[in-house]
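Worksheet: the structure to be examined is printed underneath.
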Amino acid sequence: MQGCLASVASCYTRGMFYVSEVVRFCYGHRLLDYVGKCARVHGHNGKVEIVLAAPTLDKTGFVVDFHDVEAAALKFIDETLDHRLLLRRDDPLIPALEAANEPFVALDVNPSAEHLAKLIYDHLAGSGLPVFEVRFFETETSVAVYRGAPPASPASP
Ligand SMILES: [Zn+2]
């Protein structure tokens with residue numbers, strides 16, 4: 001199957017098929033260097049919509065099997081993010097959590113919806129799925145979108 005990642009430039013020049021899969025999970029986080037509610041430790045019921053694209057369909061008529069997308073997304077999210085406290089690596093809470101033997105996930109970046117969208121995109125795209133974009137709903141009304149950049153054309157200078 002020819003995925004959008006392999007020929008993403010064509011996504012912008014001709015017809016494409018798109019499908020999406022939704023996965024929900026819960027997480028805690030807080031943002032450093034920020035003034036507002038998300039500077040406090042708190043949780044979200046997050047929703048991730050994974051959009052995949054391909055210029056042609058496989059012999060079954062699929063962009064990709066929904067089951068494969070769901071399985072890959074659930075595995076990564078369950079093992080990495082679900083019901084975990086996500087913190088930036090320099091968060092001063094971390095030594096206290098370590099001392100209390102409380103689990104957490106340390107990221108190199110603030111655990112914002114934008115960064116979480118990219119984290120999920122990078123993992124799924126890296127696993128070979130033809131991911132077009134990841135839409136990360138921190139709430140039902142607030143969504144961050146990460147879309148992979150089209151690769152440089154071999155013909156471009
Ligand atoms: Zn938040």
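Identifiers for the structure tokens are assigned positionally: chains receive A, B, ... in sequence, residues are indexed from 1 per chain, and ligands are indexed from 1 in the order shown.
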Expected answer as a ChimeraX atom specification: residues within 8 Å of ligand 1, only C-alpha atoms and all ligand atoms: /A:28-31,37-39,41-44,112,138
Contacts of A:Leu116 at 10 Å (only C-alpha atoms; same-chain gap of 4+ positions) as JSON, numbers by chain: {"A": [48, 81, 86, 107, 109, 110, 111, 112, 120, 121, 122, 134, 135, 136, 138, 144, 145, 146]}
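Considering only C-alpha atoms, the residue among A:Met16, A:Val51, A:Ala100, A:Leu129 positioned nearest to A:Asp68 is A:Leu129.
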Sel. of strand (DSSP E) residues, chain A, as a ChimeraX atom specification: /A:17-29,42-54,84-88,105-107,131-137,143-147
DSSP alpha helix (DSSP H) residues within chain A, as an MDAnalysis selection string: chainID A and resid 66:80 94:99 113:126
12 Å contact set for A:Ser127, only C-alpha atoms, chain neighbours under 6 positions out, as a VMD selection string: chain A and resid 5 68 to 69 71 to 73 75 to 76 120 to 121
Shell of 9 Å around A:Val23, only C-alpha atoms, local chain residues under 6 positions omitted, as a PyMOL selection string: chain A and resi 46-50+70+73-74+77
Just the selected residues (C-alpha atoms), exported as a PDB file, in the first residue's frame, please.
ATOM      1  CA  GLY A  46      -8.081  12.988  26.424  1.00  0.00           C
ATOM      2  CA  LYS A  47      -9.274  11.924  22.999  1.00  0.00           C
ATOM      3  CA  VAL A  48      -6.917  11.250  20.121  1.00  0.00           C
ATOM      4  CA  GLU A  49      -8.109  11.147  16.536  1.00  0.00           C
ATOM      5  CA  ILE A  50      -5.551   9.558  14.242  1.00  0.00           C
ATOM      6  CA  GLU A  70      -6.548   0.882  16.923  1.00  0.00           C
ATOM      7  CA  ALA A  73      -2.491   3.274  19.066  1.00  0.00           C
ATOM      8  CA  LEU A  74      -3.908   1.470  22.086  1.00  0.00           C
ATOM      9  CA  ILE A  77      -0.964   4.819  24.637  1.00  0.00           C
TER      10      ILE A  77
END
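Using only C-alpha atoms, the nearest neighbour of A:Phe104 within the list A:Ala54, A:Ala149, A:Leu85, A:Val143 is A:Leu85.
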Nearest residue to A:Phe25 from the set A:Asp58, A:Val131, A:Thr139, A:Asn101 (distances using only C-alpha atoms):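 Looking only at the distances to A:Phe25, the closest residue turns out to be A:Thr139.
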Test item: residues at most 7 Å from A:Leu52, only C-alpha atoms, excluding those fewer than 2 positions along its chain, as a PDB file with N, CA and C atoms, in the first residue's frame:
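This is the output file part-v4.pdb:
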ATOM      1  N   TYR A  18      -8.999   9.323   3.142  1.00  0.00           N
ATOM      2  CA  TYR A  18      -8.658   9.549   4.548  1.00  0.00           C
ATOM      3  C   TYR A  18      -9.547   8.674   5.425  1.00  0.00           C
ATOM      4  N   VAL A  19      -8.992   8.130   6.462  1.00  0.00           N
ATOM      5  CA  VAL A  19      -9.764   7.448   7.494  1.00  0.00           C
ATOM      6  C   VAL A  19      -9.241   7.931   8.838  1.00  0.00           C
ATOM      7  N   SER A  20     -10.047   7.767   9.856  1.00  0.00           N
ATOM      8  CA  SER A  20      -9.549   8.138  11.178  1.00  0.00           C
ATOM      9  C   SER A  20     -10.041   7.158  12.226  1.00  0.00           C
ATOM     10  N   ILE A  50      -6.683   9.821  15.132  1.00  0.00           N
ATOM     11  CA  ILE A  50      -5.551   9.558  14.242  1.00  0.00           C
ATOM     12  C   ILE A  50      -6.086   9.516  12.822  1.00  0.00           C
ATOM     13  N   PRO A 130       0.363   4.892   7.644  1.00  0.00           N
ATOM     14  CA  PRO A 130       0.317   6.094   6.801  1.00  0.00           C
ATOM     15  C   PRO A 130      -0.417   7.245   7.484  1.00  0.00           C
ATOM     16  N   VAL A 131       0.163   7.722   8.589  1.00  0.00           N
ATOM     17  CA  VAL A 131      -0.486   8.763   9.387  1.00  0.00           C
ATOM     18  C   VAL A 131      -0.389  10.103   8.664  1.00  0.00           C
ATOM     19  N   PHE A 132      -1.512  10.776   8.568  1.00  0.00           N
ATOM     20  CA  PHE A 132      -1.549  12.104   7.961  1.00  0.00           C
ATOM     21  C   PHE A 132      -1.472  13.183   9.038  1.00  0.00           C
ATOM     22  N   GLU A 133      -2.287  13.016  10.079  1.00  0.00           N
ATOM     23  CA  GLU A 133      -2.229  13.954  11.197  1.00  0.00           C
ATOM     24  C   GLU A 133      -2.801  13.292  12.435  1.00  0.00           C
TER      25      GLU A 133
END
Atom CA of A:His115 to atom CA of A:Glu79, straight-line distance in Å: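 About the pair atom CA of A:Glu79 and atom CA of A:His115: they are 17.5 Å apart.
Each of A:Glu21, A:Ala125, A:Arg14, A:Glu114 was compared to A:His67 using only C-alpha atoms, and A:Glu21 turns out to be the nearest.
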